[in-house]
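Novice: Dropping the structure in here first, questions after.
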Amino acid sequence: MIREIFEILLFIFSSITSLWILLQAFYYKVSNENLVQVLGNDRNKSNEKIDIIVAIKDENERTIKELIDNLSELDYRPYRVIIISDDSLENFEKIMKVVDRIPENFVIIRRPENMGRKAGALNFAFNLSDGELLVFLDAEARVEKNFLRKISKLNYDAAAFRLKVRDPVTPVQKIYSHTNEFVMNALFKAREKLGLIIFANGSAFAIRRDILRKVGGWKENSVAEDLELGIRLALNGIRVKYVDDIVVYTLAPYTLTDLYNQIKRWAYGSGELLAYSMRLFKLGVKGVEGFIYSQQWGLYPLYLLVFLIVISLQFTLNINYLYVFSSLIPILVSNGIYITLIKPKDEYRSGIVTVIASLIGYVQGVFKVRFKWKVTPKNHIVKEEEILSIKILGVILAIMAYVNSLFNNTISSLLLILVSIILLIL
(Lines give C-alpha, C1' and ligand atoms only; values in the text may rest on other atoms or scores of the structure.)
Protein backbone atom coordinates (compact mmCIF):
# COMPACT_ATOMS: atom_id res chain seq x y z
CA MET A 1 0.00 0.00 0.00
CA ILE A 2 2.80 2.41 0.95
CA ARG A 3 4.64 1.55 -2.25
CA GLU A 4 1.56 2.39 -4.35
CA ILE A 5 1.17 5.70 -2.54
CA PHE A 6 4.74 6.73 -3.33
CA GLU A 7 4.34 5.65 -6.96
CA ILE A 8 1.31 7.94 -7.26
CA LEU A 9 3.08 10.80 -5.45
CA LEU A 10 6.02 10.57 -7.86
CA PHE A 11 3.78 11.26 -10.85
CA ILE A 12 1.57 13.82 -9.10
CA PHE A 13 4.51 15.91 -7.88
CA SER A 14 6.34 15.47 -11.16
CA SER A 15 3.28 16.92 -12.92
CA ILE A 16 2.88 19.79 -10.44
CA THR A 17 6.53 20.86 -10.62
CA SER A 18 6.58 20.53 -14.42
CA LEU A 19 3.39 22.55 -14.86
CA TRP A 20 4.81 25.39 -12.77
CA ILE A 21 7.98 25.40 -14.89
CA LEU A 22 5.91 25.43 -18.12
CA LEU A 23 3.67 28.16 -16.73
CA GLN A 24 6.71 30.35 -16.16
CA ALA A 25 7.87 29.67 -19.71
CA PHE A 26 4.43 30.78 -20.94
CA TYR A 27 4.62 33.94 -18.85
CA TYR A 28 8.04 34.67 -20.30
CA LYS A 29 6.65 34.46 -23.83
CA VAL A 30 3.82 36.81 -22.85
CA SER A 31 6.32 39.27 -21.35
CA ASN A 32 7.92 39.76 -24.77
CA GLU A 33 4.78 41.62 -25.81
CA ASN A 34 4.67 45.30 -24.94
CA LEU A 35 3.05 46.30 -21.66
CA VAL A 36 1.33 49.61 -22.30
CA GLN A 37 1.18 51.74 -19.17
CA VAL A 38 0.39 55.41 -18.87
CA LEU A 39 1.71 57.05 -15.74
CA GLY A 40 -0.30 60.21 -16.21
CA ASN A 41 0.56 63.86 -16.15
CA ASP A 42 2.30 65.81 -13.43
CA ARG A 43 -0.62 66.37 -11.12
CA ASN A 44 0.87 68.79 -8.62
CA LYS A 45 -2.68 69.11 -7.39
CA SER A 46 -1.59 69.61 -3.82
CA ASN A 47 1.83 68.00 -4.00
CA GLU A 48 0.73 65.16 -1.77
CA LYS A 49 3.33 64.22 0.75
CA ILE A 50 5.23 60.98 0.19
CA ASP A 51 7.08 59.14 2.94
CA ILE A 52 9.86 56.67 2.13
CA ILE A 53 10.29 54.00 4.81
CA VAL A 54 13.40 51.84 5.21
CA ALA A 55 13.93 49.26 7.95
CA ILE A 56 17.57 48.40 8.69
CA LYS A 57 19.44 45.90 10.85
CA ASP A 58 23.10 44.83 10.80
CA GLU A 59 23.75 46.80 7.63
CA ASN A 60 27.17 48.20 6.79
CA GLU A 61 27.37 51.88 7.76
CA ARG A 62 28.58 52.81 4.26
CA THR A 63 25.45 51.26 2.79
CA ILE A 64 23.28 53.53 4.94
CA LYS A 65 25.33 56.63 4.10
CA GLU A 66 25.01 55.89 0.38
CA LEU A 67 21.27 55.31 0.85
CA ILE A 68 20.87 58.72 2.47
CA ASP A 69 23.00 60.40 -0.21
CA ASN A 70 20.90 58.79 -2.94
CA LEU A 71 17.49 59.60 -1.45
CA SER A 72 18.47 63.18 -0.59
CA GLU A 73 18.79 64.02 -4.30
CA LEU A 74 15.17 63.31 -5.30
CA ASP A 75 13.51 66.15 -7.21
CA TYR A 76 10.05 65.89 -5.63
CA ARG A 77 8.63 67.91 -2.77
CA PRO A 78 7.36 67.37 -0.15
CA TYR A 79 8.76 64.03 0.92
CA ARG A 80 10.29 62.53 4.03
CA VAL A 81 12.57 59.53 4.60
CA ILE A 82 12.06 57.48 7.77
CA ILE A 83 14.84 55.00 8.57
CA ILE A 84 14.11 52.64 11.45
CA SER A 85 17.04 50.74 12.93
CA ASP A 86 16.87 47.47 14.85
CA ASP A 87 20.63 47.53 15.35
CA SER A 88 22.49 47.17 18.58
CA LEU A 89 23.44 50.50 20.17
CA GLU A 90 27.06 49.93 19.11
CA ASN A 91 26.17 49.38 15.44
CA PHE A 92 23.75 52.31 15.46
CA GLU A 93 26.45 54.62 16.78
CA LYS A 94 28.79 53.44 14.00
CA ILE A 95 26.16 54.39 11.44
CA MET A 96 25.61 57.83 12.98
CA LYS A 97 29.37 58.52 12.98
CA VAL A 98 29.64 57.79 9.26
CA VAL A 99 26.54 59.77 8.32
CA ASP A 100 28.03 63.24 8.51
CA ARG A 101 24.95 65.16 7.42
CA ILE A 102 21.32 64.22 7.84
CA PRO A 103 18.92 66.28 5.68
CA GLU A 104 16.05 68.02 7.47
CA ASN A 105 13.46 65.75 5.83
CA PHE A 106 15.21 62.58 7.07
CA VAL A 107 14.53 60.78 10.34
CA ILE A 108 16.79 58.00 11.67
CA ILE A 109 15.54 56.27 14.79
CA ARG A 110 16.71 53.21 16.69
CA ARG A 111 13.77 51.25 18.04
CA PRO A 112 13.89 50.89 21.81
CA GLU A 113 12.56 47.34 21.54
CA ASN A 114 13.33 44.99 18.66
CA MET A 115 9.97 43.23 18.33
CA GLY A 116 7.96 41.79 15.45
CA ARG A 117 10.89 41.24 13.07
CA LYS A 118 11.14 43.55 10.06
CA ALA A 119 7.36 44.00 9.97
CA GLY A 120 7.53 45.42 13.51
CA ALA A 121 10.03 48.04 12.34
CA LEU A 122 7.85 48.90 9.34
CA ASN A 123 4.80 49.35 11.57
CA PHE A 124 6.87 51.52 13.92
CA ALA A 125 7.75 53.76 10.98
CA PHE A 126 4.17 53.64 9.68
CA ASN A 127 2.95 55.07 12.99
CA LEU A 128 5.49 57.89 12.72
CA SER A 129 4.63 58.74 9.13
CA ASP A 130 2.06 61.22 7.91
CA GLY A 131 2.51 60.93 4.14
CA GLU A 132 -0.52 60.22 2.01
CA LEU A 133 1.57 57.78 -0.04
CA LEU A 134 4.10 55.42 1.53
CA VAL A 135 7.06 53.92 -0.35
CA PHE A 136 8.94 50.94 1.12
CA LEU A 137 12.55 50.26 0.12
CA ASP A 138 15.45 48.13 1.35
CA ALA A 139 18.73 49.57 2.61
CA GLU A 140 20.59 48.71 -0.60
CA ALA A 141 17.97 50.32 -2.86
CA ARG A 142 19.11 53.10 -5.16
CA VAL A 143 16.73 55.14 -7.30
CA GLU A 144 16.86 57.78 -10.00
CA LYS A 145 16.33 61.44 -9.28
CA ASN A 146 12.78 61.48 -10.69
CA PHE A 147 11.69 58.35 -8.76
CA LEU A 148 9.10 60.07 -6.57
CA ARG A 149 7.94 62.35 -9.36
CA LYS A 150 7.04 59.28 -11.40
CA ILE A 151 5.30 57.68 -8.42
CA SER A 152 3.30 60.85 -7.79
CA LYS A 153 1.69 60.43 -11.22
CA LEU A 154 0.26 57.03 -10.33
CA ASN A 155 -3.37 56.70 -9.39
CA TYR A 156 -3.29 53.24 -7.81
CA ASP A 157 -4.01 52.02 -4.29
CA ALA A 158 -0.75 50.08 -4.32
CA ALA A 159 2.07 49.45 -6.79
CA ALA A 160 5.11 47.24 -7.19
CA PHE A 161 8.12 48.44 -9.19
CA ARG A 162 10.78 46.81 -11.31
CA LEU A 163 13.90 45.60 -9.50
CA LYS A 164 17.19 45.67 -11.37
CA VAL A 165 20.53 44.37 -10.10
CA ARG A 166 23.27 46.97 -10.21
CA ASP A 167 26.99 46.33 -10.63
CA PRO A 168 27.04 42.50 -10.71
CA VAL A 169 30.65 41.40 -10.22
CA THR A 170 30.89 37.81 -8.98
CA PRO A 171 29.62 34.80 -10.97
CA VAL A 172 26.79 34.35 -8.47
CA GLN A 173 25.73 37.98 -8.89
CA LYS A 174 25.74 37.69 -12.67
CA ILE A 175 23.54 34.59 -12.54
CA TYR A 176 21.27 36.29 -10.03
CA SER A 177 21.00 39.38 -12.24
CA HIS A 178 20.03 37.24 -15.24
CA THR A 179 17.46 35.37 -13.16
CA ASN A 180 16.08 38.60 -11.74
CA GLU A 181 15.40 39.93 -15.23
CA PHE A 182 13.48 36.75 -16.00
CA VAL A 183 11.48 37.03 -12.77
CA MET A 184 10.53 40.65 -13.35
CA ASN A 185 9.47 39.87 -16.92
CA ALA A 186 7.67 36.57 -16.35
CA LEU A 187 6.26 36.84 -12.84
CA PHE A 188 5.51 40.56 -12.74
CA LYS A 189 5.29 42.12 -16.21
CA ALA A 190 3.50 39.17 -17.86
CA ARG A 191 1.21 38.52 -14.91
CA GLU A 192 0.26 42.21 -14.85
CA LYS A 193 -0.53 42.02 -18.57
CA LEU A 194 -2.73 38.97 -17.94
CA GLY A 195 -4.59 40.72 -15.13
CA LEU A 196 -3.39 38.29 -12.46
CA ILE A 197 -2.79 39.07 -8.79
CA ILE A 198 0.41 41.03 -8.22
CA PHE A 199 1.91 40.64 -4.76
CA ALA A 200 3.70 43.31 -2.80
CA ASN A 201 7.48 43.40 -3.15
CA GLY A 202 8.96 44.78 0.06
CA SER A 203 12.06 45.95 -1.79
CA ALA A 204 10.15 48.21 -4.19
CA PHE A 205 6.57 48.89 -3.16
CA ALA A 206 4.21 51.82 -2.66
CA ILE A 207 0.80 51.93 -1.02
CA ARG A 208 -1.62 54.65 -0.01
CA ARG A 209 -1.59 55.33 3.69
CA ASP A 210 -5.34 54.89 4.16
CA ILE A 211 -5.23 51.51 2.38
CA LEU A 212 -2.43 50.17 4.58
CA ARG A 213 -4.29 51.33 7.67
CA LYS A 214 -7.52 49.76 6.39
CA VAL A 215 -5.93 46.29 6.14
CA GLY A 216 -4.19 46.58 9.50
CA GLY A 217 -0.59 47.41 8.57
CA TRP A 218 2.19 44.84 8.36
CA LYS A 219 1.80 41.49 10.11
CA GLU A 220 4.50 41.33 12.74
CA ASN A 221 6.76 38.29 13.17
CA SER A 222 6.04 37.14 9.61
CA VAL A 223 9.27 36.17 7.80
CA ALA A 224 7.82 37.04 4.35
CA GLU A 225 5.93 40.13 5.49
CA ASP A 226 5.58 41.45 1.92
CA LEU A 227 4.02 38.21 0.62
CA GLU A 228 1.66 38.10 3.61
CA LEU A 229 0.56 41.68 2.94
CA GLY A 230 0.09 40.89 -0.75
CA ILE A 231 -2.22 37.99 0.09
CA ARG A 232 -4.17 40.16 2.55
CA LEU A 233 -4.58 42.95 0.00
CA ALA A 234 -5.90 40.48 -2.58
CA LEU A 235 -8.35 39.01 -0.07
CA ASN A 236 -9.61 42.52 0.64
CA GLY A 237 -10.15 43.24 -3.05
CA ILE A 238 -7.25 45.72 -3.29
CA ARG A 239 -5.34 45.54 -6.54
CA VAL A 240 -1.56 45.93 -6.58
CA LYS A 241 -0.41 47.26 -9.95
CA TYR A 242 2.99 46.44 -11.39
CA VAL A 243 4.71 49.46 -12.97
CA ASP A 244 7.51 48.35 -15.28
CA ASP A 245 9.20 51.67 -16.00
CA ILE A 246 9.77 52.73 -12.40
CA VAL A 247 13.03 51.01 -11.48
CA VAL A 248 14.65 50.34 -8.13
CA TYR A 249 18.30 49.30 -8.36
CA THR A 250 19.36 46.69 -5.84
CA LEU A 251 22.27 44.36 -5.02
CA ALA A 252 22.63 40.63 -5.58
CA PRO A 253 24.14 38.09 -3.18
CA TYR A 254 27.91 37.90 -3.65
CA THR A 255 28.49 34.25 -2.80
CA LEU A 256 26.69 30.91 -2.89
CA THR A 257 26.36 31.12 0.89
CA ASP A 258 24.65 34.51 0.62
CA LEU A 259 22.39 33.15 -2.11
CA TYR A 260 21.53 30.09 -0.03
CA ASN A 261 20.56 32.17 3.01
CA GLN A 262 18.42 34.55 0.96
CA ILE A 263 16.54 31.84 -0.95
CA LYS A 264 16.07 29.84 2.24
CA ARG A 265 14.52 32.90 3.92
CA TRP A 266 12.10 33.46 1.03
CA ALA A 267 11.19 29.77 0.95
CA TYR A 268 10.66 29.70 4.71
CA GLY A 269 8.32 32.67 4.47
CA SER A 270 6.36 30.99 1.68
CA GLY A 271 6.01 27.72 3.59
CA GLU A 272 5.00 29.59 6.73
CA LEU A 273 2.07 31.10 4.78
CA LEU A 274 0.90 27.83 3.18
CA ALA A 275 -2.35 27.55 5.15
CA TYR A 276 -3.12 31.28 4.98
CA SER A 277 -2.54 31.46 1.22
CA MET A 278 -5.19 28.77 0.68
CA ARG A 279 -7.76 31.49 1.35
CA LEU A 280 -6.95 32.78 -2.12
CA PHE A 281 -8.93 29.85 -3.55
CA LYS A 282 -12.16 31.74 -2.88
CA LEU A 283 -11.09 34.32 -5.49
CA GLY A 284 -11.60 31.79 -8.29
CA VAL A 285 -9.12 31.00 -11.07
CA LYS A 286 -6.98 34.06 -10.35
CA GLY A 287 -6.92 33.10 -6.71
CA VAL A 288 -5.73 29.58 -7.55
CA GLU A 289 -2.96 31.04 -9.71
CA GLY A 290 -2.13 33.45 -6.88
CA PHE A 291 -1.84 30.52 -4.48
CA ILE A 292 0.53 28.76 -6.89
CA TYR A 293 2.63 31.90 -7.17
CA SER A 294 2.75 32.38 -3.40
CA GLN A 295 3.90 28.79 -2.91
CA GLN A 296 6.40 28.67 -5.76
CA TRP A 297 9.34 28.04 -3.44
CA GLY A 298 7.70 24.79 -2.46
CA LEU A 299 6.91 23.83 -6.05
CA TYR A 300 10.48 24.04 -7.32
CA PRO A 301 11.84 21.25 -5.07
CA LEU A 302 8.58 19.31 -4.64
CA TYR A 303 9.44 16.49 -7.01
CA LEU A 304 13.06 16.38 -5.85
CA LEU A 305 11.89 15.82 -2.27
CA VAL A 306 9.73 12.82 -3.18
CA PHE A 307 12.36 11.47 -5.59
CA LEU A 308 15.06 11.52 -2.91
CA ILE A 309 12.74 9.88 -0.37
CA VAL A 310 11.81 7.14 -2.83
CA ILE A 311 15.34 6.22 -3.90
CA SER A 312 16.54 6.45 -0.27
CA LEU A 313 13.86 4.00 0.85
CA GLN A 314 14.12 1.66 -2.10
CA PHE A 315 15.52 -1.04 0.18
CA THR A 316 12.04 -1.23 1.72
CA LEU A 317 9.75 0.23 -0.96
CA ASN A 318 11.07 -1.74 -3.96
CA ILE A 319 9.30 0.51 -6.46
CA ASN A 320 9.72 -0.54 -10.07
CA TYR A 321 12.44 1.66 -11.56
CA LEU A 322 10.27 2.07 -14.64
CA TYR A 323 7.93 4.16 -12.51
CA VAL A 324 10.81 6.12 -11.03
CA PHE A 325 12.45 7.02 -14.34
CA SER A 326 9.12 7.56 -16.14
CA SER A 327 8.27 10.22 -13.56
CA LEU A 328 11.43 12.07 -14.63
CA ILE A 329 10.15 12.56 -18.18
CA PRO A 330 7.81 15.54 -17.46
CA ILE A 331 10.60 17.18 -15.44
CA LEU A 332 13.15 16.77 -18.23
CA VAL A 333 10.74 17.95 -20.93
CA SER A 334 9.55 21.03 -19.01
CA ASN A 335 13.10 22.00 -18.07
CA GLY A 336 14.19 21.51 -21.67
CA ILE A 337 11.51 23.94 -22.87
CA TYR A 338 12.39 26.36 -20.06
CA ILE A 339 16.11 26.30 -20.88
CA THR A 340 15.43 26.75 -24.60
CA LEU A 341 13.34 29.87 -23.95
CA ILE A 342 15.20 31.41 -21.03
CA LYS A 343 18.77 30.51 -22.01
CA PRO A 344 20.08 30.58 -18.42
CA LYS A 345 23.72 31.33 -17.74
CA ASP A 346 26.11 28.36 -17.49
CA GLU A 347 26.66 28.06 -13.74
CA TYR A 348 25.06 24.92 -12.36
CA ARG A 349 26.03 25.52 -8.71
CA SER A 350 23.66 28.48 -8.27
CA GLY A 351 20.77 26.38 -9.58
CA ILE A 352 21.56 23.50 -7.20
CA VAL A 353 21.92 25.85 -4.23
CA THR A 354 18.60 27.51 -5.10
CA VAL A 355 16.72 24.21 -5.26
CA ILE A 356 18.24 22.85 -2.02
CA ALA A 357 17.69 26.15 -0.19
CA SER A 358 14.08 26.13 -1.40
CA LEU A 359 13.61 22.57 -0.19
CA ILE A 360 15.10 23.09 3.27
CA GLY A 361 13.61 26.55 3.83
CA TYR A 362 10.12 25.61 2.67
CA VAL A 363 9.92 22.48 4.81
CA GLN A 364 11.13 24.44 7.84
CA GLY A 365 8.56 27.14 7.13
CA VAL A 366 5.67 24.69 6.82
CA PHE A 367 6.55 23.16 10.19
CA LYS A 368 7.46 26.59 11.64
CA VAL A 369 10.90 25.52 12.78
CA ARG A 370 12.64 28.27 14.71
CA PHE A 371 14.08 30.75 12.23
CA LYS A 372 17.11 33.00 12.57
CA TRP A 373 17.19 35.96 10.19
CA LYS A 374 20.48 36.45 8.33
CA VAL A 375 21.05 39.73 6.54
CA THR A 376 22.44 39.36 3.02
CA PRO A 377 25.91 41.03 3.06
CA LYS A 378 26.18 44.20 0.96
CA ASN A 379 29.96 44.04 0.63
CA HIS A 380 32.11 41.63 -1.31
CA ILE A 381 33.28 38.74 0.87
CA VAL A 382 36.13 36.93 -0.90
CA LYS A 383 35.99 33.74 1.15
CA GLU A 384 33.13 31.37 0.35
CA GLU A 385 31.75 29.74 3.49
CA GLU A 386 30.62 26.13 3.66
CA ILE A 387 26.85 25.64 3.58
CA LEU A 388 26.46 23.21 6.44
CA SER A 389 22.87 22.15 5.65
CA ILE A 390 23.84 21.04 2.14
CA LYS A 391 26.84 19.09 3.46
CA ILE A 392 24.65 17.37 6.07
CA LEU A 393 22.13 16.42 3.37
CA GLY A 394 24.98 15.03 1.26
CA VAL A 395 26.19 12.89 4.16
CA ILE A 396 22.66 11.59 4.87
CA LEU A 397 22.25 10.57 1.22
CA ALA A 398 25.65 8.85 1.31
CA ILE A 399 24.53 6.85 4.35
CA MET A 400 21.28 5.90 2.58
CA ALA A 401 23.34 4.82 -0.45
CA TYR A 402 25.31 2.47 1.79
CA VAL A 403 22.09 1.10 3.36
CA ASN A 404 20.64 0.43 -0.10
CA SER A 405 23.84 -1.32 -1.17
CA LEU A 406 23.40 -3.74 1.72
CA PHE A 407 20.10 -4.77 0.15
CA ASN A 408 21.64 -5.01 -3.34
CA ASN A 409 19.73 -1.96 -4.61
CA THR A 410 22.56 -0.97 -6.93
CA ILE A 411 20.68 1.63 -8.98
CA SER A 412 19.44 3.52 -5.90
CA SER A 413 22.90 3.37 -4.36
CA LEU A 414 24.51 4.83 -7.47
CA LEU A 415 21.91 7.59 -7.78
CA LEU A 416 22.27 8.52 -4.12
CA ILE A 417 26.07 8.50 -4.30
CA LEU A 418 25.95 10.72 -7.39
CA VAL A 419 23.68 13.28 -5.69
CA SER A 420 25.71 13.06 -2.49
CA ILE A 421 28.99 13.78 -4.32
CA ILE A 422 27.45 16.77 -6.10
CA LEU A 423 26.29 18.23 -2.78
CA LEU A 424 29.52 17.52 -0.92
CA ILE A 425 31.81 19.07 -3.55
CA LEU A 426 29.52 22.07 -4.16
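Identifiers in this document derive from the order of the C-alpha coordinates: chains are assigned A, B, ..., residues are numbered from 1 separately in each chain, and ligands are numbered from 1 in order of occurrence.
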Please list as a PyMOL selection string every residue within 7 Å of segment 287-291 of chain A, counting only C-alpha atoms and excluding residues in the same chain fewer than 4 positions away.
Specialist: chain A and resi 197+277-278+280-283+295
Novice: Running DSSP on the backbone, which parts of segment 51-293 of chain A land in helix (DSSP H, G or I), as a PyMOL selection string?
Specialist: chain A and resi 61-71+89-98+117-128+147-152+171-193+209-214+225-235+256-272+274-283+285-293
Novice: Would you kindly return, as a PyMOL selection string, each protein, DNA or RNA residue with an atom no farther than 9 Å from any atom of segment 185-191 of chain A, considering only C-alpha atoms and excluding same-chain residues fewer than 2 positions away?
Specialist: chain A and resi 24-33+35+160+162+180-183+193-199+242-244+293
Novice: As an exercise, work out the distance from atom CA of Arg117 of chain A to atom CA of Asn221 of chain A in Å and give it to one decimal place.
Specialist: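 Straight-line distance from atom CA of Arg117 of chain A to atom CA of Asn221 of chain A works out to 5.1 Å.
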Novice: If DSSP is run on the backbone, what residues of segment 187-389 of chain A are strand (DSSP E)? A reply as a PDB file with N, CA, C and O atoms, in the first residue's frame would be ideal.
Specialist:
ATOM      1  N   ALA A 204      10.519  47.157  -3.229  1.00  0.00           N
ATOM      2  CA  ALA A 204      10.145  48.214  -4.186  1.00  0.00           C
ATOM      3  C   ALA A 204       8.628  48.275  -4.269  1.00  0.00           C
ATOM      4  O   ALA A 204       8.018  47.745  -5.187  1.00  0.00           O
ATOM      5  N   PHE A 205       8.023  48.963  -3.317  1.00  0.00           N
ATOM      6  CA  PHE A 205       6.573  48.889  -3.160  1.00  0.00           C
ATOM      7  C   PHE A 205       6.032  50.212  -2.630  1.00  0.00           C
ATOM      8  O   PHE A 205       6.657  50.866  -1.789  1.00  0.00           O
ATOM      9  N   ALA A 206       4.864  50.603  -3.138  1.00  0.00           N
ATOM     10  CA  ALA A 206       4.206  51.816  -2.663  1.00  0.00           C
ATOM     11  C   ALA A 206       2.736  51.511  -2.388  1.00  0.00           C
ATOM     12  O   ALA A 206       2.115  50.705  -3.086  1.00  0.00           O
ATOM     13  N   ILE A 207       2.198  52.150  -1.377  1.00  0.00           N
ATOM     14  CA  ILE A 207       0.800  51.930  -1.017  1.00  0.00           C
ATOM     15  C   ILE A 207       0.252  53.199  -0.366  1.00  0.00           C
ATOM     16  O   ILE A 207       0.985  53.919   0.328  1.00  0.00           O
ATOM     17  N   ARG A 208      -1.002  53.484  -0.619  1.00  0.00           N
ATOM     18  CA  ARG A 208      -1.617  54.650  -0.012  1.00  0.00           C
ATOM     19  C   ARG A 208      -1.790  54.400   1.486  1.00  0.00           C
ATOM     20  O   ARG A 208      -2.116  53.304   1.919  1.00  0.00           O
ATOM     21  N   VAL A 240      -2.923  45.418  -6.498  1.00  0.00           N
ATOM     22  CA  VAL A 240      -1.555  45.933  -6.585  1.00  0.00           C
ATOM     23  C   VAL A 240      -1.172  45.963  -8.061  1.00  0.00           C
ATOM     24  O   VAL A 240      -1.220  44.938  -8.740  1.00  0.00           O
ATOM     25  N   LYS A 241      -0.819  47.125  -8.554  1.00  0.00           N
ATOM     26  CA  LYS A 241      -0.406  47.262  -9.949  1.00  0.00           C
ATOM     27  C   LYS A 241       1.117  47.136 -10.054  1.00  0.00           C
ATOM     28  O   LYS A 241       1.846  47.598  -9.176  1.00  0.00           O
ATOM     29  N   TYR A 242       1.562  46.490 -11.118  1.00  0.00           N
ATOM     30  CA  TYR A 242       2.992  46.441 -11.386  1.00  0.00           C
ATOM     31  C   TYR A 242       3.321  47.520 -12.402  1.00  0.00           C
ATOM     32  O   TYR A 242       2.706  47.599 -13.472  1.00  0.00           O
ATOM     33  N   VAL A 243       4.302  48.360 -12.083  1.00  0.00           N
ATOM     34  CA  VAL A 243       4.714  49.456 -12.969  1.00  0.00           C
ATOM     35  C   VAL A 243       6.127  49.155 -13.449  1.00  0.00           C
ATOM     36  O   VAL A 243       7.089  49.191 -12.665  1.00  0.00           O
ATOM     37  N   ASP A 244       6.256  48.864 -14.734  1.00  0.00           N
ATOM     38  CA  ASP A 244       7.508  48.350 -15.276  1.00  0.00           C
ATOM     39  C   ASP A 244       8.575  49.416 -15.475  1.00  0.00           C
ATOM     40  O   ASP A 244       9.766  49.111 -15.459  1.00  0.00           O
ATOM     41  N   ASP A 245       8.175  50.672 -15.676  1.00  0.00           N
ATOM     42  CA  ASP A 245       9.197  51.675 -15.997  1.00  0.00           C
ATOM     43  C   ASP A 245       9.589  52.543 -14.800  1.00  0.00           C
ATOM     44  O   ASP A 245      10.249  53.566 -14.969  1.00  0.00           O
ATOM     45  N   ILE A 246       9.202  52.132 -13.610  1.00  0.00           N
ATOM     46  CA  ILE A 246       9.767  52.732 -12.403  1.00  0.00           C
ATOM     47  C   ILE A 246      10.707  51.683 -11.820  1.00  0.00           C
ATOM     48  O   ILE A 246      10.290  50.601 -11.424  1.00  0.00           O
ATOM     49  N   VAL A 247      11.999  52.011 -11.788  1.00  0.00           N
ATOM     50  CA  VAL A 247      13.028  51.013 -11.478  1.00  0.00           C
ATOM     51  C   VAL A 247      13.693  51.318 -10.142  1.00  0.00           C
ATOM     52  O   VAL A 247      14.028  52.466  -9.840  1.00  0.00           O
ATOM     53  N   VAL A 248      13.872  50.267  -9.371  1.00  0.00           N
ATOM     54  CA  VAL A 248      14.653  50.343  -8.133  1.00  0.00           C
ATOM     55  C   VAL A 248      15.872  49.449  -8.321  1.00  0.00           C
ATOM     56  O   VAL A 248      15.744  48.257  -8.633  1.00  0.00           O
ATOM     57  N   TYR A 249      17.057  50.034  -8.161  1.00  0.00           N
ATOM     58  CA  TYR A 249      18.299  49.299  -8.364  1.00  0.00           C
ATOM     59  C   TYR A 249      18.746  48.686  -7.033  1.00  0.00           C
ATOM     60  O   TYR A 249      18.803  49.375  -6.011  1.00  0.00           O
ATOM     61  N   THR A 250      19.045  47.408  -7.067  1.00  0.00           N
ATOM     62  CA  THR A 250      19.365  46.685  -5.843  1.00  0.00           C
ATOM     63  C   THR A 250      20.658  45.901  -6.007  1.00  0.00           C
ATOM     64  O   THR A 250      21.290  45.940  -7.074  1.00  0.00           O
TER      65      THR A 250
END
Novice: Figure out the distance between atom CA of Gly202 of chain A and atom CA of Phe136 of chain A, please, to one decimal in Å.
Specialist: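 Between atom CA of Phe136 of chain A and atom CA of Gly202 of chain A the gap works out to 6.3 Å.
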Novice: Considering only C-alpha atoms, tabulate each residue of segment 133-242 of chain A that lies at most 12 Å from segment 347-360 of chain A along with its nearest interatomic pair and the corresponding distance in Å to one decimal; arrange the rows by chain and ascending residue number and present them as a tab-separated table.
Specialist:
residue	atom	partner	partner_atom	distance
A:Thr170	CA	A:Glu347	CA	11.6
A:Pro171	CA	A:Glu347	CA	7.9
A:Val172	CA	A:Ser350	CA	6.7
A:Gln173	CA	A:Ser350	CA	9.7
A:Lys174	CA	A:Glu347	CA	9.7
A:Ile175	CA	A:Glu347	CA	7.3
A:Tyr176	CA	A:Ser350	CA	8.4
A:Ser177	CA	A:Ser350	CA	11.9
A:His178	CA	A:Glu347	CA	11.4
A:Thr179	CA	A:Gly351	CA	10.2
Novice: Could you check the closest approach to Lys391 of chain A for each of A:Leu424, A:Leu89, A:Leu322, A:Ile2 and tell me which residue wins, using only C-alpha atoms?
Specialist: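 Nearest candidate to Lys391 of chain A out of A:Leu424, A:Leu89, A:Leu322, A:Ile2: A:Leu424.
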